[in-house]
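*Asks:* Would you mind keeping the following structure in view while I ask a few things?
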Amino acid sequence: MKIRRVVAAGVGLLLATATAVVLAPAAQAAGPRPSFQLPFPCGQAWNGDNDNSSAHRAYEIDFNRGSSAGADKGDTVTAAAAGKIITSAHQGSANGYGNLVVIDHGGGWRTYYAHLDVRSVGVGAQVSRGQKIGTVGNTSKPGNNISPHLHYEVRTTDTSYPGNIQPAYFNGARFGYPNQTLTSRNCGGSSNPYDAAEVCGAGYGVVDTASLGAAGSVQLLFNAANGNNCVVTLKSASVGTASAVSAYLEVQGAARSTDSGSFEYYAGPVRKPADNKCVKWGGSVGSAAYNSPFEHCG
């Protein structure tokens with residue numbers, strides 16, 4: 001089974017305690033980065049700070065928006081992207097994460113939300129981007145007196161801590177380390193944490209989309225810099241559960257290339273040079289399928 005996943009980690013704690021927090025085993029190397037949004041309700045402005053804690057090892061961010069130390073306590077925290085809850089627990093005396101929620105987004109990507117006052121989701125739940133997962137708090141291990149804030153991290157499963165802590169991206173843009181104030185664009189409830197442009201890679205833009213109804217969609221993309229087309233099939237049903245998905249691309253005069261199997265989030269990317277050539281493209285999710293004629297010949 002092909003799995004597309006990532007890992008994120010907690011609050012910049014001690015190296016010795018980091019492995020205790022990651023409750024799921026490391027998977028394969030990270031795939032395309034999901035479409036992460038700020039982990040707060042749409043329209044809210046939050047200040048992120050990376051250099052205000054000696055416990056931070058890399059790209060961790062502490063978020064606040066209020067004018068006083070306790071002003072943010074109880075504010076809603078939302079999922080930065082869709083995924084499956086793999087940790088929802090108070091870490092007790094083990095480390096400083098306190099109430100921690102970890103979301104596995106597939107492709108080797110996970111996000112961590114630490115110090116929560118309340119956890120609103122349980123292990124095994126599938127959440128959509130923008131869904132409430134808890135509230136801002138100041139929980140930690142006994143003896144740690146910290147001000148309320150959200151400690152947020154993105155981690156991948158392809159290397160060990162702290163090298164697996166990745167720079168945070170929100171709405172497609174890299175966070176302005178060490179400090180930046182951002183307005184949340186976490187306004188939708190997408191159940192799939194990926195979009196086709198991220199799966200295909202830098203430089204690709206969508207040129208056509210075929211709906212598969214409630215099952216998902218197939219998207220054709222083009223990269224003007226290298227003349228390549230790319231096809232991705234994104235799931236909208238059974239997201240996060242492995243099921244039959246396929247994507248294909250056929251350049252006129254050449255053999256068809258196909259990616260098919262039992263996938264959690266998408267099939268593809270299928271890339272081929274196609275500048276100034278006609279292509280057939282398509283894909284399927286379960287029994288729902290799309291097959292184009294030769295087209296997009298420019």
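Residues are named by chain letter and number: chains run A, B, ... in the order of the structure tokens, numbers start at 1 in each chain, and ligands are numbered from 1 in the order shown.
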Do a neighbour search on region 180-191 of chain A at 12 Å with only C-alpha atoms, toss out local chain neighbours closer than 6 positions, and write the hits as a PyMOL selection string.
*Replies:* chain A and resi 34-51+61-65+77-84+105+126-132+168-174+214-216+234-241+264-265
*Asks:* What are the closest atom pairs, with distances in Å to one decimal, for all residues of region 46-142 of chain A lying within 10 Å of region 146-153 of chain A? Consider only C-alpha atoms, order rows by chain and residue number, and present the result as CSV.
*Replies:*
```
residue,atom,partner,partner_atom,distance
A:Gly48,CA,A:Leu150,CA,9.3
A:Asp49,CA,A:His151,CA,9.6
A:Asn50,CA,A:His151,CA,9.7
A:His56,CA,A:His151,CA,10.0
A:Ala58,CA,A:Glu153,CA,9.5
A:Tyr59,CA,A:Glu153,CA,7.1
A:Glu60,CA,A:Glu153,CA,5.0
A:Ile61,CA,A:Tyr152,CA,5.3
A:Asp62,CA,A:His151,CA,4.5
A:Phe63,CA,A:Leu150,CA,5.1
A:Asn64,CA,A:His149,CA,5.6
A:Arg65,CA,A:His149,CA,8.9
A:Gly66,CA,A:His149,CA,9.8
A:Ser68,CA,A:Ser147,CA,9.5
A:Ala69,CA,A:Ser147,CA,5.7
A:Gly70,CA,A:Pro148,CA,5.7
A:Ala71,CA,A:Pro148,CA,7.9
A:Asp72,CA,A:Pro148,CA,6.5
A:Lys73,CA,A:Pro148,CA,5.6
A:Gly74,CA,A:Pro148,CA,8.8
A:Asp75,CA,A:His149,CA,9.5
A:Val77,CA,A:Leu150,CA,8.1
A:Ala80,CA,A:Tyr152,CA,9.9
A:Gly96,CA,A:Ile146,CA,9.9
A:Tyr97,CA,A:His151,CA,8.5
A:Leu100,CA,A:His151,CA,9.5
A:Val102,CA,A:Glu153,CA,9.6
A:Arg110,CA,A:Glu153,CA,8.4
A:Thr111,CA,A:Glu153,CA,5.7
A:Tyr112,CA,A:Glu153,CA,5.2
A:Tyr113,CA,A:Tyr152,CA,5.1
A:Ala114,CA,A:His151,CA,5.1
A:His115,CA,A:Leu150,CA,6.3
A:Leu116,CA,A:Leu150,CA,6.9
A:Asp117,CA,A:Pro148,CA,8.5
A:Thr135,CA,A:Leu150,CA,8.5
A:Val136,CA,A:Leu150,CA,5.6
A:Gly137,CA,A:Pro148,CA,4.7
A:Asn138,CA,A:Pro148,CA,4.3
A:Thr139,CA,A:Ile146,CA,7.8
A:Ser140,CA,A:Ile146,CA,7.7
```
*Asks:* Separation of CA of Val232 (chain A) and CA of Gly268 (chain A), in Å?
*Replies:*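 So the two atoms, CA of Val232 (chain A) and CA of Gly268 (chain A), lie 4.8 Å apart.
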*Asks:* Rounded to one decimal, what separation in Å do you get between CA of Tyr290 (chain A) and CA of Ala30 (chain A)?
*Replies:* 28.7 Å
*Asks:* I'd like to know which residues of region 192-232 of chain A are strand (DSSP E or B) (by DSSP, run on the backbone); could you write them as a list of chain:residue names?
*Replies:*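 Everything in region 192-232 of chain A that counts as strand (DSSP E or B) is A:Gly205, A:Val206, A:Val207, A:Asp208, A:Thr209, A:Ala210, A:Ser211, A:Gly216, A:Ser217, A:Val218, A:Gln219, A:Leu220, A:Leu221, A:Phe222, A:Asn223, A:Asn228, A:Asn229, A:Cys230, A:Val231, A:Val232.
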*Asks:* Check the smallest atom-to-atom distance from each of A:Leu212, A:Ser54, A:Gly283, A:Pro142 to Gln91 (chain A) using only C-alpha atoms, then report the winner.
*Replies:*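 Ranked by minimum distance to Gln91 (chain A), first place goes to A:Pro142.
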*Asks:* Quick one: residues within 10 Å of Val207 (chain A), only C-alpha atoms counted, chain neighbours fewer than 3 positions away excluded, as a PDB file with N, CA, C and O atoms, in the first residue's frame?
*Replies:*
```pdb
ATOM      1  N   TYR A 204       4.108  24.242 -11.341  1.00  0.00           N
ATOM      2  CA  TYR A 204       2.934  23.673 -12.007  1.00  0.00           C
ATOM      3  C   TYR A 204       1.674  24.461 -11.666  1.00  0.00           C
ATOM      4  O   TYR A 204       1.455  24.830 -10.506  1.00  0.00           O
ATOM      5  N   GLN A 219      -7.025  16.328 -11.996  1.00  0.00           N
ATOM      6  CA  GLN A 219      -6.550  17.638 -12.421  1.00  0.00           C
ATOM      7  C   GLN A 219      -5.336  17.498 -13.325  1.00  0.00           C
ATOM      8  O   GLN A 219      -4.437  16.698 -13.060  1.00  0.00           O
ATOM      9  N   LEU A 220      -5.356  18.289 -14.400  1.00  0.00           N
ATOM     10  CA  LEU A 220      -4.245  18.360 -15.338  1.00  0.00           C
ATOM     11  C   LEU A 220      -3.507  19.672 -15.109  1.00  0.00           C
ATOM     12  O   LEU A 220      -4.122  20.740 -15.072  1.00  0.00           O
ATOM     13  N   LEU A 221      -2.188  19.595 -14.985  1.00  0.00           N
ATOM     14  CA  LEU A 221      -1.372  20.764 -14.723  1.00  0.00           C
ATOM     15  C   LEU A 221      -0.270  20.878 -15.760  1.00  0.00           C
ATOM     16  O   LEU A 221       0.085  19.892 -16.427  1.00  0.00           O
ATOM     17  N   PHE A 222       0.295  22.084 -15.881  1.00  0.00           N
ATOM     18  CA  PHE A 222       1.364  22.326 -16.844  1.00  0.00           C
ATOM     19  C   PHE A 222       2.433  23.203 -16.204  1.00  0.00           C
ATOM     20  O   PHE A 222       2.131  24.096 -15.412  1.00  0.00           O
ATOM     21  N   ASN A 223       3.694  22.901 -16.553  1.00  0.00           N
ATOM     22  CA  ASN A 223       4.832  23.689 -16.085  1.00  0.00           C
ATOM     23  C   ASN A 223       5.475  24.352 -17.295  1.00  0.00           C
ATOM     24  O   ASN A 223       6.126  23.686 -18.111  1.00  0.00           O
ATOM     25  N   ASN A 229       3.580  18.255 -18.534  1.00  0.00           N
ATOM     26  CA  ASN A 229       2.250  18.129 -17.953  1.00  0.00           C
ATOM     27  C   ASN A 229       2.335  17.233 -16.722  1.00  0.00           C
ATOM     28  O   ASN A 229       3.271  16.452 -16.554  1.00  0.00           O
ATOM     29  N   CYS A 230       1.318  17.340 -15.874  1.00  0.00           N
ATOM     30  CA  CYS A 230       1.243  16.513 -14.671  1.00  0.00           C
ATOM     31  C   CYS A 230      -0.222  16.235 -14.385  1.00  0.00           C
ATOM     32  O   CYS A 230      -1.066  17.125 -14.549  1.00  0.00           O
ATOM     33  N   HIS A 296      -5.734  19.805 -25.320  1.00  0.00           N
ATOM     34  CA  HIS A 296      -4.706  20.691 -24.763  1.00  0.00           C
ATOM     35  C   HIS A 296      -3.406  20.554 -25.570  1.00  0.00           C
ATOM     36  O   HIS A 296      -2.347  20.209 -25.050  1.00  0.00           O
TER      37      HIS A 296
END
```
*Asks:* Using only C-alpha atoms, can you tell me which of A:Asn144, A:Ser260, A:Ser243, A:Ser120 comes closest to Asn95 (chain A)?
*Replies:* A:Asn144
*Asks:* From the list A:Val101, A:Ala197, A:Ala242, A:Lys141, which residue is nearest Val123 (chain A) when using only C-alpha atoms?
*Replies:*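 Closest residue, counting only C-alpha atoms: A:Val101.
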*Asks:* DSSP on the backbone: what in region 161-201 of chain A comes out helix (DSSP H, G or I), as a PyMOL selection string?
*Replies:* chain A and resi 196-200
*Asks:* Give me a file of those residues, with N, CA, C and O atoms, as an mmCIF file, in the first residue's frame.
*Replies:*
```
data_model
loop_
_atom_site.group_PDB
_atom_site.id
_atom_site.type_symbol
_atom_site.label_atom_id
_atom_site.label_comp_id
_atom_site.auth_asym_id
_atom_site.auth_seq_id
_atom_site.Cartn_x
_atom_site.Cartn_y
_atom_site.Cartn_z
ATOM 1 N N ALA A 196 -3.377 19.739 -5.951
ATOM 2 C CA ALA A 196 -2.648 19.150 -7.073
ATOM 3 C C ALA A 196 -1.333 19.866 -7.347
ATOM 4 O O ALA A 196 -0.334 19.232 -7.700
ATOM 5 N N ALA A 197 -1.309 21.198 -7.191
ATOM 6 C CA ALA A 197 -0.083 21.944 -7.473
ATOM 7 C C ALA A 197 1.043 21.542 -6.533
ATOM 8 O O ALA A 197 2.209 21.434 -6.936
ATOM 9 N N GLU A 198 0.717 21.299 -5.265
ATOM 10 C CA GLU A 198 1.749 20.867 -4.314
ATOM 11 C C GLU A 198 2.226 19.456 -4.624
ATOM 12 O O GLU A 198 3.403 19.140 -4.471
ATOM 13 N N VAL A 199 1.313 18.594 -5.054
ATOM 14 C CA VAL A 199 1.704 17.225 -5.380
ATOM 15 C C VAL A 199 2.621 17.203 -6.604
ATOM 16 O O VAL A 199 3.633 16.494 -6.631
ATOM 17 N N CYS A 200 2.297 18.002 -7.618
ATOM 18 C CA CYS A 200 3.123 18.033 -8.832
ATOM 19 C C CYS A 200 4.461 18.717 -8.587
ATOM 20 O O CYS A 200 5.486 18.315 -9.141
#
```
*Asks:* Pick the closest to Gly213 (chain A) from A:Thr76, A:Ser257, A:Ser287, A:Asn99: which is it, counting only C-alpha atoms?
*Replies:* A:Ser287
*Asks:* What does the structure give for the distance between CA of Phe263 (chain A) and CA of Asp195 (chain A), in Å to one decimal?
*Replies:*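 A separation of 15.0 Å between them.
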*Asks:* Nearest residue to Pro32 (chain A) out of A:Tyr194, A:Arg57, A:Val206, A:Val121, using only C-alpha atoms?
*Replies:*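 Ranked by minimum distance to Pro32 (chain A), first place goes to A:Tyr194.
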